Amino acid sequence: MDKRNSKSGLADRIPGKVWLLLSFLAAMLLWWVLSIIPATSRAFPNMFKVLGSISTMITRGVLWKDISSSLISVFSGYVLGFVIALPVAILMAWYKPVRFIIEPWIQFIRNIPPLAYVPLIVIAAGVGRKPQIIVITIACFLTMCVTIYQGVINVDETLIKAARVLGATDKDIFIRVIAPATLPFILTAIRLGASVALTTLIAAESTGATAGLGMRIRSLNNSFEPAPMLLYIIIIGILGITIEKLIKTAERRLTSWQEKREI
Amino acid sequence: MAGEARDLMNKENVCIRIDGVRKVFNGRNGEMVALNGVDLDIHDNEFICVVGPSGCGKSTLLNIIAGLLEPTEGKVYCNGKEVTGTGTERGVVFQQYALFPWLTVKKNVMFALEMRGVKGKEAETEAMKYLEMVDLAKFADHYPKELSGGMKQRVAIARAYAAEPQVLLMDEPFGALDAQTRTQLQTELLETWQKKKKTCFFITHDVDEAIILAQKVIIMSARPGRIKRIVDINIPYPRTQETKMTPEFIELKNEIWGQVYQEYLEVRK
Ligand SMILES: Nc1ncnc2c1ncn2[C@@H]1O[C@H](COP(=O)(O)OP(=O)(O)O)[C@@H](O)[C@H]1O
Ligand SMILES: [Mg+2]
């Protein structure tokens with residue numbers, strides 16, 4: 001990063017964009033090698049077959065339906081999870097009884113893979129869109145709640161005191177101290193939540209979904225079509241990294257006042 | 001009790017009266033008496049420094065005066081009214097600066113003004129005046145993270161002044177700064193204090209700092225914290241760093257240091 005350092009090595013003098021391109025080419029090369037080694041060639045069809053499967057899936061009339069269906073589930077579950085996590089996290093941070101009753105269970109459930117409890121949710125909520133959203137909501141809620149809660153309890157006590165001696169009321173303190181102090185954690189929660197929402201997608205769509213990226217991968221597995229499967233996997237990856245990049249940009253804008261911190 | 005007698009002796013206005021304050025904390029190892037039987041009058045425009053070994057209850061006393069802590073027994077009065085919580089007539093400067101990191105320097109100062117009901121453009125121009133007072137107008141649009149420790153503390157002092165308190169309570173405000181910045185800020189604080197008269201209650205563990213700043217140095221004893229002695233510093237203002245070479249300064253320093261040192265030894269036992 002440091003451009004003033006003239007003695008920086010080769011790695012620093014090559015711009016980031018070039019590295020990105022090199023990294024891409026290296027992955028393509030690896031992919032190509034995998035596609036010609038007999039042992040792996042069946043799981044990794046070459047890139048032309050995979051690109052070709054785009055039109056196959058469009059012709060079958062499922063590609064856009066799958067993408068939009070997954071995005072609707074992911075987005076709904078994610079937003080719902082956040083809307084529930086925010087007040088619960090604040091209540092947990094402020095009221096010890098709420099914390100002592102809820103927190104152990106959040107930690108407990110958080111460590112169970114969603115795939116394990118999906119059948120229960122299907123029994124309770126039936127098949128279709130509803131159980132998908134419920135599964136993603138639960139997963140997002142757990143992750144975001146823990147992160148936001150950490151943020152609220154970690155608000156520097158001295159800042160609250162400083163505001164109070166300047167004459168701030170409880171409302172002033174909430175709006176002008178606790179909210180901005182917690183914002184970085186909320187943004188981190190939003191980013192972690194997005195990644196959880198996507199990783200939970202496959203589990204969510206094992207609930208008898210009729211469309212969706214995760215559902216399609218399973219059905220392509222049954223019909224043994226590795227090329228479109230790989231295509232779908234790559235689409236999930238691209239969605240994930242795009243969402244993460246967008247949120248990170250927002251994060252940097254909104255919290256540039258911070259001393260360096262990475263989660 | 002002793003209050004009436006003290007009233008007769010002092011014609012000046014009593015700004016803060018501490019009356020029989022005792023503070024007990026319920027810690028893990030049972031009860032902990034942090035302060036016991038503390039009586040003190042702070043008069044208007046007085047500069048008082050408090051010294052004592054760490055853990056003797058200096059911060060506890062300051063927090064009680066600020067209204068951030070409640071005494072277990074006894075009372076604190078401000079202008080004759082019992083203190084029951086924080087109040088804008090009592091400003092605080094913390095050792096850890098306590099600037100809002102998400103606000104620029106100017107907005108930090110404006111926070112104090114807005115809490116007083118000064119709004120918009122007026123708050124902005126007022127804030128700039130206070131920043132000029134601490135010589136930081138150039139940094140108005142910087143964020144705290146871009147400032148050095150000394151600059152941060154000057155912003156904190158400007159913000160405290162902007163609230164226009166009657167008393168400034170300062171808890172080792174220069175404790176985290178290097179020696180040079182420290183002496184510079186001492187000089188600046190004295191200049192400001194002389195220009196804009198204000199009552200100052202200043203905690204430090206640095207005896208030199210206490211003598212150069214204060215009209216009265218209060219020596220506290222440890223376990224339980226109480227006032228051991230009050231030493232009047234009759235060196236005229238303005239005081240400079242040269243003051244530290246004068247015989248009267250050195251004599252006071254020996255005396256106060258001796259008293260404080262005894263307390264350090266007590267604590268180590
Ligand atoms: N909130 C608290 N709970 C329990 N004990 C405390 C608390 N605050 C301070 N103390 C104890 O009270 C004593 C005085 O503390 P403090 O006023 O911070 O001392 P000083 O500022 O002189 O170093 C110390 O022994 C400290 O451990
Ligand atoms: Mg202290």
# chains A, B, ... in the order shown; residues from 1 in each chain; ligands from 1
call {"tool": "residues_near_ligand", "arguments": {"ligand": "ligand 2", "cutoff": "9 Å", "atoms": "only C-alpha atoms and all ligand atoms", "output": "list in words"}}
result
Ser54, Gly55, Cys56, Gly57, Lys58, Ser59, Thr60, Leu62, Gln95, Asp171, Glu172, Ile203 and Thr204 of chain B
call {"tool": "write_last_selection", "arguments": {"atoms": "C-alpha atoms", "output": "CSV table (one decimal), in the first residue's frame"}}
result
chain,number,residue,atom,x,y,z
B,54,SER,CA,-3.5,5.7,43.2
B,55,GLY,CA,-6.6,4.0,44.5
B,56,CYS,CA,-7.1,6.5,47.3
B,57,GLY,CA,-10.5,7.6,46.0
B,58,LYS,CA,-9.7,10.7,43.9
B,59,SER,CA,-11.7,9.7,40.9
B,60,THR,CA,-14.5,8.4,43.2
B,62,LEU,CA,-14.7,13.6,41.4
B,95,GLN,CA,-8.2,11.4,31.3
B,171,ASP,CA,-9.5,13.7,36.4
B,172,GLU,CA,-5.8,13.4,35.6
B,203,ILE,CA,-6.8,15.6,40.0
B,204,THR,CA,-3.2,14.6,39.4
call {"tool": "interface_residues", "arguments": {"of": "chain A", "to": "chain B", "cutoff": "8 Å", "atoms": "only C-alpha atoms", "output": "list in words"}}
result
Thr158, Leu159, Lys161, Ala162, Arg164, Val165, Leu166, Gly167, Ala168, Val177, Pro180, Ala181, Thr255, Trp257, Gln258 and Glu259 of chain A
call {"tool": "residues_around", "arguments": {"residues": "stretch 194-198 of chain A", "least_positions_apart": "2", "cutoff": "9 Å", "atoms": "only C-alpha atoms", "output": "ChimeraX atom specification"}}
result
/A:70,73-75,77-78,136-137,139-140,143,189-192,200-202,236,239-241,243-244
call {"tool": "residues_around", "arguments": {"residues": "A:Gly208", "least_positions_apart": "6", "cutoff": "12 Å", "atoms": "only C-alpha atoms", "output": "ChimeraX atom specification"}}
result
/A:118-119,121-123,125-132,202,214-216,218-219
call {"tool": "select_by_dssp", "arguments": {"residues": "stretch 33-252 of chain B", "states": "alpha helix (DSSP H)", "output": "count of residues only"}}
result
78
call {"tool": "closest_residue", "arguments": {"among": "B:Leu136, B:Trp257, B:Lys75, B:Lys23", "to": "B:His205", "atoms": "only C-alpha atoms"}}
result
B:Trp257
call {"tool": "residues_around", "arguments": {"residues": "stretch 215-227 of chain B", "least_positions_apart": "6", "cutoff": "7 Å", "atoms": "only C-alpha atoms", "output": "short mmCIF file (atom, residue, chain, number, x, y, z; two decimals) with C-alpha atoms, in the first residue's frame"}}
result
data_model
loop_
_atom_site.label_atom_id
_atom_site.label_comp_id
_atom_site.auth_asym_id
_atom_site.auth_seq_id
_atom_site.Cartn_x
_atom_site.Cartn_y
_atom_site.Cartn_z
CA VAL B 33 -14.55 1.85 51.85
CA ALA B 34 -13.26 4.17 49.10
CA LEU B 35 -13.98 7.46 50.88
CA ASN B 36 -14.68 8.21 54.50
CA GLY B 37 -15.67 11.46 56.15
CA VAL B 38 -14.66 13.83 53.39
CA GLU B 46 -10.67 28.67 42.98
CA PHE B 47 -8.09 26.32 41.46
CA ILE B 48 -7.81 23.20 43.57
CA CYS B 49 -5.54 20.24 42.91
CA VAL B 50 -5.97 16.87 44.55
CA VAL B 51 -2.98 14.56 44.95
CA GLY B 52 -2.69 11.15 46.53
CA PRO B 53 -1.59 7.61 45.80
CA CYS B 56 -7.12 6.53 47.35
CA GLY B 57 -10.48 7.57 45.96
CA ILE B 233 0.12 27.64 47.44
CA ASN B 234 0.84 31.33 47.76
CA VAL B 260 2.31 11.87 49.54
CA GLU B 263 0.84 7.49 51.77
CA VAL B 267 -0.59 1.63 50.33
#
call {"tool": "atom_distance", "arguments": {"atom1": "atom 21 (O, counted along the ligand's line) of ligand 1", "atom2": "atom CA of B:Phe201"}}
result
13.4 Å
call {"tool": "closest_residue", "arguments": {"among": "B:Asn29, B:Asn13, B:Thr84, B:Asn79", "to": "ligand 1", "atoms": "only C-alpha atoms and all ligand atoms"}}
result
B:Asn29
call {"tool": "closest_residue", "arguments": {"among": "B:Phe202, B:Gly120, B:Gln186, B:Cys78", "to": "ligand 1", "atoms": "only C-alpha atoms and all ligand atoms"}}
result
B:Phe202
call {"tool": "atom_distance", "arguments": {"atom1": "atom CA of A:Ala85", "atom2": "atom CA of A:Cys145"}}
result
4.5 Å
call {"tool": "select_by_dssp", "arguments": {"residues": "stretch 104-254 of chain B", "states": "strand (DSSP E or B)", "output": "ChimeraX atom specification"}}
result
/B:167-171,199-203,216-221,225-232
